[in-house]
Amino acid sequence: LNLHSEPEARLDTLHSLWTIAMCADNQAALRAAGSVSALVTTLVLGVSAEREVAAGVLTTLAAYPDNHEDILEAGVFDTLVDILNVGASDGDTHLSLDALLLLTKHSRENRVTVRDAGAVPILVQLLLSARAEVKAKCAAVLANLSKEPDIDPEVLQARVAVSFDLLMTGTPDVQERMAAALVSVAQTAKNHKPLRDAGVVAELVRVSKEFASLRKWATALMRMLATNSDNHAQLLEHALEALLQMVLGPDMTVAENSIAALVHLMLNKHGRSAIRNAGGVQVLARMMELHTIPSVPVVLEYGVKALSLLSDDLEQVTSFCEEGGIHALVRVCSFQFTAAQ
């Protein structure tokens with residue numbers, strides 16, 4: 001990898017290193033040879049094709065924990081953040097973002113190091129000014145960084161706002177990536193308040209109405225939010241009608257996510273009352289007619305839980321019977337269940 005070598009020979013060497021790095025048995029030899037330091041030098045001083053392969057080799061090496069100390073000491077993260085900060089070409093920006101996305105996905109140590117290298121304000125600035133594809137990658141990196149407890153909530157709100165913009169305007173690939181990134185953010189309970197403050201529930205309802213292909217993601221996110229009672233007011237206000245409609249749809253993943261979210265909303269009296277008043281018993285009874293064992297046992301299981309919760313108020317027993325709740329439960333009792341079911 002000597003900078004004075006022929007370009008073709010350097011590129012061949014990098015590709016060979018990438019192949020070698022894919023084998024766990026080769027990691028000690030690569031460390032002993034000082035490969036990380038040489039790759040960082042290439043990342044800074046090499047031509048475009050060399051930098052792209054060098055970034056790929058580094059991300060492969062980062063998959064092995066024994067290499068982490070060498071990667072940190074060599075300043076890989078500082079180098080990748082610097083590439084973003086200097087107004088690099090589109091190719092270099094994509095290279096840096098792709099590497100940061102992989103390096104921060106599973107490692108808390110890497111996420112903290114990237115944050116400490118000053119990546120967050122640079123990523124937020126790119127969110128506000130870059131083209132859609134770069135925005136999508138920035139949002140995905142910030143989604144990884146959002147797993148840490150001390151990310152600024154305002155940063156998270158900015159990232160969420162851009163994500164929803166891309167959900168509505170991006171290509172199908174960008175939309176899919178943004179939806180998955182938002183689900184990743186919602187897996188951490190501390191992120192729920194910034195999500196609420198960004199108006200996440202109303203936006204999810206809008207996305208689910210506009211794009212059938214994104215309903216599984218939108219309902220998955222609503223299902224996660226419903227596990228936190230602090231989110232219930234927004235969900236009942238903005239999403240209740242949509243959730244009741246989607247439990248009757250043909251997509252079983254969407255139906256399962258929707259009915260699971262409704263069950264969580266029914267765990268308090270206010271939620272049960274709101275769902276009953278919105279015609280929830282009739283909708284659930286209809287759902288039990290549409291979905292039969294053994295094709296969708298999970299949906300039916302949630303349906304039984306939901307009807308059981310709605311039948312719990314003695315003052316509502318008459319209306320529960322009139323709206324088909326008892327009939328639906330009796331119908332389920334007639335199915336041929338396995339022992340587990």
# chains A, B, ... in the order shown; residues from 1 in each chain; ligands from 1
$ select_by_dssp --residues "segment 20-136 of chain A" --states "helix (DSSP H, G or I)" --output "ChimeraX atom specification"
/A:20-21,24-32,35-45,48-61,65-73,76-85,90-103,108-116,119-129,132-136
$ residues_around --residues "Ser184 of chain A" --least-positions-apart "2" --cutoff "9 Å" --atoms "only C-alpha atoms" --output "ChimeraX atom specification"
/A:143-144,146-147,179-182,186-188,221
$ write_last_selection --atoms "all heavy atoms" --output "PDB file, in the first residue's frame"
ATOM      1  N   ALA A 143     -29.897   7.499  13.693  1.00  0.00           N
ATOM      2  CA  ALA A 143     -30.745   6.497  14.361  1.00  0.00           C
ATOM      3  C   ALA A 143     -29.892   5.553  15.201  1.00  0.00           C
ATOM      4  O   ALA A 143     -30.262   5.198  16.329  1.00  0.00           O
ATOM      5  CB  ALA A 143     -31.541   5.714  13.322  1.00  0.00           C
ATOM      6  N   ASN A 144     -28.730   5.160  14.678  1.00  0.00           N
ATOM      7  CA  ASN A 144     -27.822   4.331  15.468  1.00  0.00           C
ATOM      8  C   ASN A 144     -27.310   5.091  16.694  1.00  0.00           C
ATOM      9  O   ASN A 144     -27.294   4.567  17.807  1.00  0.00           O
ATOM     10  CB  ASN A 144     -26.629   3.881  14.615  1.00  0.00           C
ATOM     11  CG  ASN A 144     -26.997   2.830  13.587  1.00  0.00           C
ATOM     12  OD1 ASN A 144     -28.073   2.245  13.644  1.00  0.00           O
ATOM     13  ND2 ASN A 144     -26.119   2.601  12.638  1.00  0.00           N
ATOM     14  N   SER A 146     -28.715   7.430  18.223  1.00  0.00           N
ATOM     15  CA  SER A 146     -29.817   7.730  19.143  1.00  0.00           C
ATOM     16  C   SER A 146     -30.024   6.638  20.178  1.00  0.00           C
ATOM     17  O   SER A 146     -30.790   6.829  21.130  1.00  0.00           O
ATOM     18  CB  SER A 146     -31.120   7.934  18.355  1.00  0.00           C
ATOM     19  OG  SER A 146     -31.000   9.013  17.469  1.00  0.00           O
ATOM     20  N   LYS A 147     -29.364   5.513  20.018  1.00  0.00           N
ATOM     21  CA  LYS A 147     -29.461   4.444  21.012  1.00  0.00           C
ATOM     22  C   LYS A 147     -28.728   4.811  22.304  1.00  0.00           C
ATOM     23  O   LYS A 147     -28.947   4.188  23.329  1.00  0.00           O
ATOM     24  CB  LYS A 147     -28.887   3.145  20.445  1.00  0.00           C
ATOM     25  CG  LYS A 147     -29.650   2.612  19.240  1.00  0.00           C
ATOM     26  CD  LYS A 147     -28.954   1.417  18.622  1.00  0.00           C
ATOM     27  CE  LYS A 147     -29.680   0.929  17.376  1.00  0.00           C
ATOM     28  NZ  LYS A 147     -28.974  -0.184  16.700  1.00  0.00           N
ATOM     29  N   ALA A 179     -38.112   4.236   7.251  1.00  0.00           N
ATOM     30  CA  ALA A 179     -39.086   3.579   8.117  1.00  0.00           C
ATOM     31  C   ALA A 179     -38.382   2.638   9.085  1.00  0.00           C
ATOM     32  O   ALA A 179     -38.668   2.620  10.290  1.00  0.00           O
ATOM     33  CB  ALA A 179     -40.106   2.817   7.273  1.00  0.00           C
ATOM     34  N   ALA A 180     -37.433   1.866   8.574  1.00  0.00           N
ATOM     35  CA  ALA A 180     -36.687   0.947   9.440  1.00  0.00           C
ATOM     36  C   ALA A 180     -35.873   1.706  10.479  1.00  0.00           C
ATOM     37  O   ALA A 180     -35.765   1.282  11.638  1.00  0.00           O
ATOM     38  CB  ALA A 180     -35.769   0.070   8.582  1.00  0.00           C
ATOM     39  N   ALA A 181     -35.311   2.851  10.093  1.00  0.00           N
ATOM     40  CA  ALA A 181     -34.528   3.649  11.034  1.00  0.00           C
ATOM     41  C   ALA A 181     -35.408   4.202  12.147  1.00  0.00           C
ATOM     42  O   ALA A 181     -35.008   4.238  13.319  1.00  0.00           O
ATOM     43  CB  ALA A 181     -33.835   4.795  10.297  1.00  0.00           C
ATOM     44  N   LEU A 182     -36.624   4.642  11.819  1.00  0.00           N
ATOM     45  CA  LEU A 182     -37.535   5.155  12.840  1.00  0.00           C
ATOM     46  C   LEU A 182     -37.940   4.057  13.822  1.00  0.00           C
ATOM     47  O   LEU A 182     -38.052   4.292  15.032  1.00  0.00           O
ATOM     48  CB  LEU A 182     -38.778   5.748  12.181  1.00  0.00           C
ATOM     49  CG  LEU A 182     -38.603   7.141  11.564  1.00  0.00           C
ATOM     50  CD1 LEU A 182     -39.822   7.507  10.734  1.00  0.00           C
ATOM     51  CD2 LEU A 182     -38.364   8.187  12.648  1.00  0.00           C
ATOM     52  N   ALA A 186     -37.363   4.013  17.928  1.00  0.00           N
ATOM     53  CA  ALA A 186     -38.459   3.792  18.879  1.00  0.00           C
ATOM     54  C   ALA A 186     -38.208   2.610  19.808  1.00  0.00           C
ATOM     55  O   ALA A 186     -38.900   2.468  20.821  1.00  0.00           O
ATOM     56  CB  ALA A 186     -39.769   3.581  18.126  1.00  0.00           C
ATOM     57  N   GLN A 187     -37.234   1.783  19.506  1.00  0.00           N
ATOM     58  CA  GLN A 187     -36.927   0.651  20.381  1.00  0.00           C
ATOM     59  C   GLN A 187     -36.342   1.101  21.717  1.00  0.00           C
ATOM     60  O   GLN A 187     -36.329   0.343  22.679  1.00  0.00           O
ATOM     61  CB  GLN A 187     -35.962  -0.308  19.677  1.00  0.00           C
ATOM     62  CG  GLN A 187     -36.618  -1.078  18.550  1.00  0.00           C
ATOM     63  CD  GLN A 187     -35.640  -1.911  17.756  1.00  0.00           C
ATOM     64  OE1 GLN A 187     -34.431  -1.721  17.840  1.00  0.00           O
ATOM     65  NE2 GLN A 187     -36.146  -2.837  16.966  1.00  0.00           N
ATOM     66  N   THR A 188     -35.877   2.350  21.779  1.00  0.00           N
ATOM     67  CA  THR A 188     -35.323   2.909  23.012  1.00  0.00           C
ATOM     68  C   THR A 188     -36.355   3.841  23.633  1.00  0.00           C
ATOM     69  O   THR A 188     -36.738   4.840  23.029  1.00  0.00           O
ATOM     70  CB  THR A 188     -34.020   3.679  22.715  1.00  0.00           C
ATOM     71  OG1 THR A 188     -33.109   2.816  22.032  1.00  0.00           O
ATOM     72  CG2 THR A 188     -33.381   4.185  23.993  1.00  0.00           C
ATOM     73  N   LEU A 221     -44.227   0.691  14.369  1.00  0.00           N
ATOM     74  CA  LEU A 221     -43.822   1.806  15.215  1.00  0.00           C
ATOM     75  C   LEU A 221     -44.936   2.185  16.191  1.00  0.00           C
ATOM     76  O   LEU A 221     -44.683   2.439  17.378  1.00  0.00           O
ATOM     77  CB  LEU A 221     -43.446   2.997  14.333  1.00  0.00           C
ATOM     78  CG  LEU A 221     -42.783   4.209  14.981  1.00  0.00           C
ATOM     79  CD1 LEU A 221     -41.722   3.804  15.982  1.00  0.00           C
ATOM     80  CD2 LEU A 221     -42.188   5.098  13.913  1.00  0.00           C
TER      81      LEU A 221
END
$ closest_residue --among "A:Ala212, A:Cys23, A:Leu310, A:Val53" --to "Arg10 of chain A" --atoms "only C-alpha atoms"
A:Val53
$ closest_residue --among "A:Pro121, A:Gly46, A:Gly56, A:Gly280" --to "Leu84 of chain A" --atoms "only C-alpha atoms"
A:Pro121
$ residues_around --residues "Lys216 of chain A" --least-positions-apart "4" --cutoff "9 Å" --atoms "only C-alpha atoms" --output "list in words"
Ser208, Ala212, Ala220, Leu221, Asp251, Thr253, Val254, Ala255 and Asn257 of chain A
$ atom_distance --atom1 "atom CA of Cys333 of chain A" --atom2 "atom CA of Ile259 of chain A"
19.4 Å
$ residues_around --residues "Pro172 of chain A" --least-positions-apart "4" --cutoff "10 Å" --atoms "only C-alpha atoms" --output "compact mmCIF listing (two decimals) with N, CA, C and O atoms, in the first residue's frame"
# COMPACT_ATOMS: atom_id res chain seq x y z
N LEU A 166 -38.67 12.48 4.06
CA LEU A 166 -38.18 11.49 3.10
C LEU A 166 -39.18 10.34 2.94
O LEU A 166 -39.27 9.73 1.86
N LEU A 167 -39.92 10.01 3.99
CA LEU A 167 -40.96 8.99 3.86
C LEU A 167 -42.01 9.39 2.85
O LEU A 167 -42.56 8.56 2.13
N MET A 168 -42.30 10.68 2.80
CA MET A 168 -43.35 11.15 1.90
C MET A 168 -42.83 11.43 0.49
O MET A 168 -43.58 11.37 -0.48
N GLU A 176 -38.12 2.92 2.59
CA GLU A 176 -37.96 1.70 3.39
C GLU A 176 -36.88 1.88 4.45
O GLU A 176 -37.04 1.48 5.60
N ARG A 177 -35.76 2.50 4.05
CA ARG A 177 -34.67 2.70 5.00
C ARG A 177 -35.07 3.67 6.10
O ARG A 177 -34.72 3.48 7.27
N MET A 178 -35.80 4.71 5.77
CA MET A 178 -36.23 5.68 6.78
C MET A 178 -37.22 5.05 7.76
O MET A 178 -37.16 5.29 8.97
N PHE A 211 -49.19 5.34 1.66
CA PHE A 211 -48.32 4.31 1.10
C PHE A 211 -48.63 2.95 1.73
O PHE A 211 -48.23 2.68 2.87
N SER A 213 -47.24 0.23 1.05
CA SER A 213 -45.98 -0.50 1.25
C SER A 213 -45.32 -0.17 2.58
O SER A 213 -44.46 -0.91 3.06
N LEU A 214 -45.70 0.95 3.20
CA LEU A 214 -45.09 1.37 4.46
C LEU A 214 -45.96 1.08 5.68
O LEU A 214 -45.59 1.40 6.81
$ residues_around --residues "Ala285 of chain A" --least-positions-apart "2" --cutoff "7 Å" --atoms "only C-alpha atoms" --output "list in words"
Val281, Gln282, Val283, Met287, Met288, Glu289, Gly324, Gly325 and Ala328 of chain A
$ residues_around --residues "Leu72 of chain A" --least-positions-apart "6" --cutoff "12 Å" --atoms "only C-alpha atoms" --output "number ranges by chain"
A: 36-37, 40, 58, 61-62, 65-66, 78-80, 103, 109-114, 117
$ write_last_selection --atoms "all heavy atoms" --output "short mmCIF file (atom, residue, chain, number, x, y, z; two decimals), in the first residue's frame"
data_model
loop_
_atom_site.label_atom_id
_atom_site.label_comp_id
_atom_site.auth_asym_id
_atom_site.auth_seq_id
_atom_site.Cartn_x
_atom_site.Cartn_y
_atom_site.Cartn_z
N VAL A 36 -4.43 -1.69 9.84
CA VAL A 36 -5.39 -0.61 10.11
C VAL A 36 -4.78 0.75 9.82
O VAL A 36 -5.39 1.61 9.17
CB VAL A 36 -5.91 -0.70 11.56
CG1 VAL A 36 -6.79 0.50 11.88
CG2 VAL A 36 -6.70 -1.99 11.76
N SER A 37 -3.57 0.96 10.31
CA SER A 37 -2.90 2.25 10.08
C SER A 37 -2.71 2.52 8.59
O SER A 37 -2.93 3.64 8.11
CB SER A 37 -1.55 2.25 10.80
OG SER A 37 -0.86 3.45 10.54
N VAL A 40 -6.04 3.53 7.02
CA VAL A 40 -6.43 4.91 7.33
C VAL A 40 -5.67 5.88 6.46
O VAL A 40 -6.23 6.87 5.95
CB VAL A 40 -6.21 5.21 8.82
CG1 VAL A 40 -6.42 6.69 9.12
CG2 VAL A 40 -7.16 4.38 9.66
N LEU A 58 -11.95 -1.72 6.34
CA LEU A 58 -12.01 -1.29 7.74
C LEU A 58 -13.32 -1.72 8.40
O LEU A 58 -13.34 -2.14 9.56
CB LEU A 58 -11.85 0.23 7.82
CG LEU A 58 -10.41 0.74 7.62
CD1 LEU A 58 -10.41 2.24 7.39
CD2 LEU A 58 -9.54 0.38 8.82
N LEU A 61 -13.00 -5.37 9.17
CA LEU A 61 -12.14 -5.59 10.35
C LEU A 61 -12.89 -5.24 11.64
O LEU A 61 -12.69 -5.87 12.68
CB LEU A 61 -10.87 -4.75 10.23
CG LEU A 61 -9.87 -5.16 9.14
CD1 LEU A 61 -8.74 -4.14 9.04
CD2 LEU A 61 -9.31 -6.55 9.42
N ALA A 62 -13.74 -4.22 11.57
CA ALA A 62 -14.46 -3.76 12.76
C ALA A 62 -15.46 -4.79 13.26
O ALA A 62 -15.92 -4.70 14.40
CB ALA A 62 -15.17 -2.44 12.47
N PRO A 65 -14.12 -7.97 17.41
CA PRO A 65 -13.82 -7.14 18.60
C PRO A 65 -12.34 -6.95 18.88
O PRO A 65 -11.92 -5.89 19.37
CB PRO A 65 -14.51 -7.90 19.74
CG PRO A 65 -15.63 -8.65 19.07
CD PRO A 65 -15.09 -9.04 17.73
N ASP A 66 -11.51 -7.95 18.57
CA ASP A 66 -10.08 -7.84 18.86
C ASP A 66 -9.41 -6.72 18.05
O ASP A 66 -8.31 -6.28 18.39
CB ASP A 66 -9.37 -9.16 18.57
CG ASP A 66 -9.70 -10.23 19.60
OD1 ASP A 66 -10.23 -9.87 20.67
OD2 ASP A 66 -9.45 -11.41 19.34
N ASP A 78 -12.36 9.59 13.57
CA ASP A 78 -12.03 10.99 13.31
C ASP A 78 -11.86 11.25 11.82
O ASP A 78 -12.30 12.28 11.29
CB ASP A 78 -10.74 11.37 14.05
CG ASP A 78 -10.93 11.43 15.55
OD1 ASP A 78 -12.04 11.80 15.99
OD2 ASP A 78 -9.98 11.11 16.28
N THR A 79 -11.22 10.30 11.13
CA THR A 79 -11.00 10.45 9.69
C THR A 79 -12.32 10.46 8.93
O THR A 79 -12.55 11.30 8.05
CB THR A 79 -10.11 9.31 9.17
OG1 THR A 79 -8.86 9.33 9.87
CG2 THR A 79 -9.87 9.44 7.68
N LEU A 80 -13.22 9.54 9.28
CA LEU A 80 -14.52 9.48 8.59
C LEU A 80 -15.34 10.74 8.85
O LEU A 80 -16.01 11.25 7.94
CB LEU A 80 -15.29 8.24 9.05
CG LEU A 80 -14.70 6.89 8.63
CD1 LEU A 80 -15.42 5.74 9.33
CD2 LEU A 80 -14.78 6.72 7.11
N LEU A 103 -20.35 0.76 11.17
CA LEU A 103 -19.51 0.74 12.37
C LEU A 103 -20.29 1.09 13.64
O LEU A 103 -19.89 0.70 14.74
CB LEU A 103 -18.35 1.73 12.20
CG LEU A 103 -17.28 1.31 11.18
CD1 LEU A 103 -16.37 2.49 10.86
CD2 LEU A 103 -16.46 0.14 11.70
N GLU A 109 -19.38 1.21 21.94
CA GLU A 109 -18.09 1.90 21.99
C GLU A 109 -17.89 2.75 20.74
O GLU A 109 -17.46 3.91 20.81
CB GLU A 109 -16.97 0.88 22.12
CG GLU A 109 -15.58 1.50 22.26
CD GLU A 109 -14.50 0.44 22.36
OE1 GLU A 109 -14.71 -0.69 21.86
OE2 GLU A 109 -13.44 0.74 22.95
N ASN A 110 -18.24 2.18 19.58
CA ASN A 110 -18.10 2.94 18.33
C ASN A 110 -19.05 4.13 18.28
O ASN A 110 -18.70 5.21 17.80
CB ASN A 110 -18.36 2.02 17.13
CG ASN A 110 -17.26 1.01 16.93
OD1 ASN A 110 -16.22 1.06 17.59
ND2 ASN A 110 -17.48 0.06 16.02
N ARG A 111 -20.28 3.94 18.77
CA ARG A 111 -21.25 5.04 18.75
C ARG A 111 -20.76 6.21 19.61
O ARG A 111 -20.86 7.37 19.21
CB ARG A 111 -22.62 4.56 19.23
CG ARG A 111 -23.31 3.62 18.26
CD ARG A 111 -24.76 3.43 18.61
NE ARG A 111 -24.95 2.67 19.84
CZ ARG A 111 -25.09 1.35 19.90
NH1 ARG A 111 -25.02 0.63 18.78
NH2 ARG A 111 -25.28 0.73 21.04
N VAL A 112 -20.23 5.90 20.79
CA VAL A 112 -19.72 6.96 21.67
C VAL A 112 -18.54 7.66 21.03
O VAL A 112 -18.42 8.90 21.07
CB VAL A 112 -19.33 6.35 23.04
CG1 VAL A 112 -18.60 7.40 23.89
CG2 VAL A 112 -20.57 5.85 23.78
N THR A 113 -17.65 6.90 20.39
CA THR A 113 -16.48 7.49 19.76
C THR A 113 -16.87 8.40 18.60
O THR A 113 -16.32 9.50 18.43
CB THR A 113 -15.53 6.38 19.25
OG1 THR A 113 -15.19 5.52 20.34
CG2 THR A 113 -14.27 6.98 18.67
N VAL A 114 -17.84 7.97 17.80
CA VAL A 114 -18.30 8.79 16.67
C VAL A 114 -18.94 10.08 17.19
O VAL A 114 -18.70 11.17 16.66
CB VAL A 114 -19.29 8.00 15.80
CG1 VAL A 114 -19.98 8.90 14.79
CG2 VAL A 114 -18.55 6.88 15.08
N ALA A 117 -16.35 12.43 18.38
CA ALA A 117 -15.57 13.00 17.27
C ALA A 117 -16.29 14.18 16.61
O ALA A 117 -15.76 14.77 15.66
CB ALA A 117 -15.29 11.92 16.23
#
$ closest_residue --among "A:Leu290, A:Val317, A:Ala139, A:Leu300" --to "Leu126 of chain A" --atoms "only C-alpha atoms"
A:Ala139
$ closest_residue --among "A:Val44, A:Glu69, A:Ala140, A:Ala233" --to "Asp82 of chain A" --atoms "only C-alpha atoms"
A:Val44
$ residues_around --residues "Asp98 of chain A" --least-positions-apart "6" --cutoff "9 Å" --atoms "only C-alpha atoms" --output "compact mmCIF listing (two decimals) with all heavy atoms, in the first residue's frame"
# COMPACT_ATOMS: atom_id res chain seq x y z
N ALA A 55 -12.28 1.72 2.97
CA ALA A 55 -13.40 1.83 3.92
C ALA A 55 -14.09 0.48 4.09
O ALA A 55 -14.49 0.11 5.20
CB ALA A 55 -14.39 2.88 3.45
N GLY A 56 -14.23 -0.24 3.01
CA GLY A 56 -14.84 -1.56 3.08
C GLY A 56 -14.03 -2.53 3.92
O GLY A 56 -14.58 -3.30 4.73
N LYS A 137 -29.05 8.53 4.50
CA LYS A 137 -27.94 7.87 5.19
C LYS A 137 -27.60 8.59 6.49
O LYS A 137 -27.30 7.95 7.51
CB LYS A 137 -26.73 7.79 4.27
CG LYS A 137 -26.93 6.83 3.10
CD LYS A 137 -25.70 6.73 2.21
CE LYS A 137 -25.94 5.75 1.06
NZ LYS A 137 -24.77 5.62 0.18
N VAL A 141 -27.58 6.92 10.26
CA VAL A 141 -26.47 6.97 11.22
C VAL A 141 -26.94 7.58 12.54
O VAL A 141 -26.64 7.08 13.62
CB VAL A 141 -25.28 7.79 10.65
CG1 VAL A 141 -24.18 7.93 11.70
CG2 VAL A 141 -24.72 7.10 9.41
